[in-house]
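One structure below.
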Amino acid sequence: MLDFLQNNGIETGTLLDYPAGAGADLARLRATLSPLAENPPDIIYMIGSLSDSIALAQTIRDLGIESQFSGGAFGFAHPEFAEDAGQAAEKLVTASLWSNQLPYPGAQEYYDQYVETYSAIPDYHGAEA
């Protein structure tokens, strides 16, 4: 993503790394993200596991950062993300690599069988297997 931005003349601001498993250490995550509250960027782009994605979204909103934010698939595209992140998921843009609404043969059938078998909505990981 960074290469794409730089190659297309899109200015990037602060790059912050957060430790994997950040959802388990909310104080550390809050300290990492706090500088963004003082000078919020236009857009925050992030990638994380489901638990990290929920923690990132909630912490950003708890800090009062009103930037538009985009989740790079992974945890943000998980069916449980919106429900578990609650209000913090509002206005977040993400992408998924698969949906049962795609016009591919078998997509809806796979979805229906998965839901019937596991009583859960499949994410894109299972569809790619």
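Residue numbering restarts at 1 in every chain; chains get A, B, ... in the order shown in the structure tokens, and ligands count up from 1 in that same order.
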Apply DSSP to the structure's backbone, then extract all residues of chain A labelled alpha helix (DSSP H) and return them as a ChimeraX atom specification. /A:2-7,26-38,50-62,81-85,107-118,124-128
If you run DSSP over the backbone, which residues in chain A end up strand (DSSP E or B)? Put them as a ChimeraX atom specification. /A:43-46,68-71,92-94
Can you tell me which residues surround Pro41 of chain A at a distance of at most 10 Å, considering only C-alpha atoms, apart from same-chain residues fewer than 5 positions away, and format the answer as a list in words? Thr12, Gly13, Thr14, Leu36, Ile65, Glu66, Ser67, Gln68 and Phe69 of chain A
Those same residues - all heavy atoms - I'd like them written as a PDB file, in the first residue's frame.
ATOM      1  N   THR A  12       1.840  10.725   2.404  1.00  0.00           N
ATOM      2  CA  THR A  12       1.583   9.927   3.599  1.00  0.00           C
ATOM      3  C   THR A  12       2.087  10.695   4.809  1.00  0.00           C
ATOM      4  O   THR A  12       3.037  11.451   4.733  1.00  0.00           O
ATOM      5  CB  THR A  12       2.284   8.554   3.527  1.00  0.00           C
ATOM      6  OG1 THR A  12       3.676   8.752   3.367  1.00  0.00           O
ATOM      7  CG2 THR A  12       1.746   7.733   2.367  1.00  0.00           C
ATOM      8  N   GLY A  13       1.422  10.482   5.891  1.00  0.00           N
ATOM      9  CA  GLY A  13       1.824  11.152   7.121  1.00  0.00           C
ATOM     10  C   GLY A  13       2.508  10.171   8.044  1.00  0.00           C
ATOM     11  O   GLY A  13       3.399   9.428   7.640  1.00  0.00           O
ATOM     12  N   THR A  14       2.059  10.126   9.249  1.00  0.00           N
ATOM     13  CA  THR A  14       2.642   9.285  10.275  1.00  0.00           C
ATOM     14  C   THR A  14       2.379   7.811   9.996  1.00  0.00           C
ATOM     15  O   THR A  14       1.256   7.425   9.683  1.00  0.00           O
ATOM     16  CB  THR A  14       2.034   9.651  11.648  1.00  0.00           C
ATOM     17  OG1 THR A  14       2.230  11.044  11.876  1.00  0.00           O
ATOM     18  CG2 THR A  14       2.674   8.857  12.765  1.00  0.00           C
ATOM     19  N   LEU A  36      -2.270  10.650  17.254  1.00  0.00           N
ATOM     20  CA  LEU A  36      -3.188  10.953  16.149  1.00  0.00           C
ATOM     21  C   LEU A  36      -4.340  11.856  16.597  1.00  0.00           C
ATOM     22  O   LEU A  36      -4.938  12.537  15.778  1.00  0.00           O
ATOM     23  CB  LEU A  36      -3.749   9.673  15.542  1.00  0.00           C
ATOM     24  CG  LEU A  36      -2.740   8.729  14.894  1.00  0.00           C
ATOM     25  CD1 LEU A  36      -3.442   7.485  14.379  1.00  0.00           C
ATOM     26  CD2 LEU A  36      -1.978   9.421  13.781  1.00  0.00           C
ATOM     27  N   ILE A  65     -10.840  10.490  17.599  1.00  0.00           N
ATOM     28  CA  ILE A  65     -10.253  10.708  16.276  1.00  0.00           C
ATOM     29  C   ILE A  65     -11.344  10.467  15.240  1.00  0.00           C
ATOM     30  O   ILE A  65     -11.870   9.369  15.139  1.00  0.00           O
ATOM     31  CB  ILE A  65      -9.051   9.765  16.048  1.00  0.00           C
ATOM     32  CG1 ILE A  65      -7.991  10.011  17.123  1.00  0.00           C
ATOM     33  CG2 ILE A  65      -8.477   9.950  14.650  1.00  0.00           C
ATOM     34  CD1 ILE A  65      -6.906   8.949  17.172  1.00  0.00           C
ATOM     35  N   GLU A  66     -11.682  11.490  14.495  1.00  0.00           N
ATOM     36  CA  GLU A  66     -12.792  11.406  13.542  1.00  0.00           C
ATOM     37  C   GLU A  66     -12.324  11.214  12.108  1.00  0.00           C
ATOM     38  O   GLU A  66     -13.077  11.466  11.175  1.00  0.00           O
ATOM     39  CB  GLU A  66     -13.668  12.660  13.656  1.00  0.00           C
ATOM     40  CG  GLU A  66     -14.397  12.756  14.976  1.00  0.00           C
ATOM     41  CD  GLU A  66     -15.374  11.615  15.208  1.00  0.00           C
ATOM     42  OE1 GLU A  66     -15.996  11.137  14.235  1.00  0.00           O
ATOM     43  OE2 GLU A  66     -15.514  11.184  16.367  1.00  0.00           O
ATOM     44  N   SER A  67     -11.106  10.775  11.910  1.00  0.00           N
ATOM     45  CA  SER A  67     -10.593  10.523  10.568  1.00  0.00           C
ATOM     46  C   SER A  67     -11.423   9.435   9.894  1.00  0.00           C
ATOM     47  O   SER A  67     -11.965   8.553  10.556  1.00  0.00           O
ATOM     48  CB  SER A  67      -9.141  10.033  10.634  1.00  0.00           C
ATOM     49  OG  SER A  67      -8.326  10.961  11.295  1.00  0.00           O
ATOM     50  N   GLN A  68     -11.484   9.514   8.567  1.00  0.00           N
ATOM     51  CA  GLN A  68     -12.047   8.393   7.810  1.00  0.00           C
ATOM     52  C   GLN A  68     -11.071   7.240   7.971  1.00  0.00           C
ATOM     53  O   GLN A  68      -9.869   7.462   7.962  1.00  0.00           O
ATOM     54  CB  GLN A  68     -12.173   8.758   6.332  1.00  0.00           C
ATOM     55  CG  GLN A  68     -12.542   7.591   5.437  1.00  0.00           C
ATOM     56  CD  GLN A  68     -13.909   6.996   5.721  1.00  0.00           C
ATOM     57  OE1 GLN A  68     -14.891   7.704   5.769  1.00  0.00           O
ATOM     58  NE2 GLN A  68     -13.961   5.691   5.927  1.00  0.00           N
ATOM     59  N   PHE A  69     -11.560   6.047   8.167  1.00  0.00           N
ATOM     60  CA  PHE A  69     -10.600   4.967   8.221  1.00  0.00           C
ATOM     61  C   PHE A  69     -11.009   3.781   7.393  1.00  0.00           C
ATOM     62  O   PHE A  69     -12.162   3.528   7.132  1.00  0.00           O
ATOM     63  CB  PHE A  69     -10.121   4.612   9.609  1.00  0.00           C
ATOM     64  CG  PHE A  69     -11.124   4.188  10.638  1.00  0.00           C
ATOM     65  CD1 PHE A  69     -11.236   2.866  11.005  1.00  0.00           C
ATOM     66  CD2 PHE A  69     -11.906   5.115  11.287  1.00  0.00           C
ATOM     67  CE1 PHE A  69     -12.112   2.467  11.994  1.00  0.00           C
ATOM     68  CE2 PHE A  69     -12.794   4.717  12.276  1.00  0.00           C
ATOM     69  CZ  PHE A  69     -12.891   3.393  12.629  1.00  0.00           C
TER      70      PHE A  69
END
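Counting from atom CA of Ala127 of chain A, the distance to atom CA of Ala95 of chain A is 14.9 Å.
Across A:Leu63, A:Asp123, A:Thr117, A:Gln87, the tightest approach to Leu50 of chain A is made by A:Asp123 when counting only C-alpha atoms.
With atom CA of Gly86 of chain A on one side and atom CA of Ala27 of chain A on the other, the separation reads 19.9 Å.
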Counting only C-alpha atoms, the residue among A:Ala37, A:Phe74, A:Pro79, A:Ile121 that lies closest to Asp52 of chain A is A:Phe74
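Using only C-alpha atoms, the shortest contact distance between Glu80 of chain A and any of A:Gly48, A:Pro122, A:Gly64, A:Gly9 is found at A:Pro122.
For the atom pair formed by atom CA of Ala89 of chain A and atom CA of Gln58 of chain A, the distance is 7.9 Å, given to one decimal.
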Long-range neighbours of Leu29 of chain A as a list in words, 10 Å cut-off, only C-alpha atoms, 4 positions minimum in chain: Asp17, Tyr18, Pro19, Gly21, Ala22, Gly23, Ala24, Asp25, Leu33, Ser34, Asp52, Ala55, Leu56, Thr59 and Ile60 of chain A
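Using only C-alpha atoms, the smallest distance between any of A:Leu15, A:Glu128, A:Ser119, A:Gln108 and Thr32 of chain A comes from A:Leu15.
The closest residue to Asp84 of chain A, picked from A:Leu5, A:Gln101, A:Ile54, A:Glu109 and counting only C-alpha atoms, is A:Ile54.
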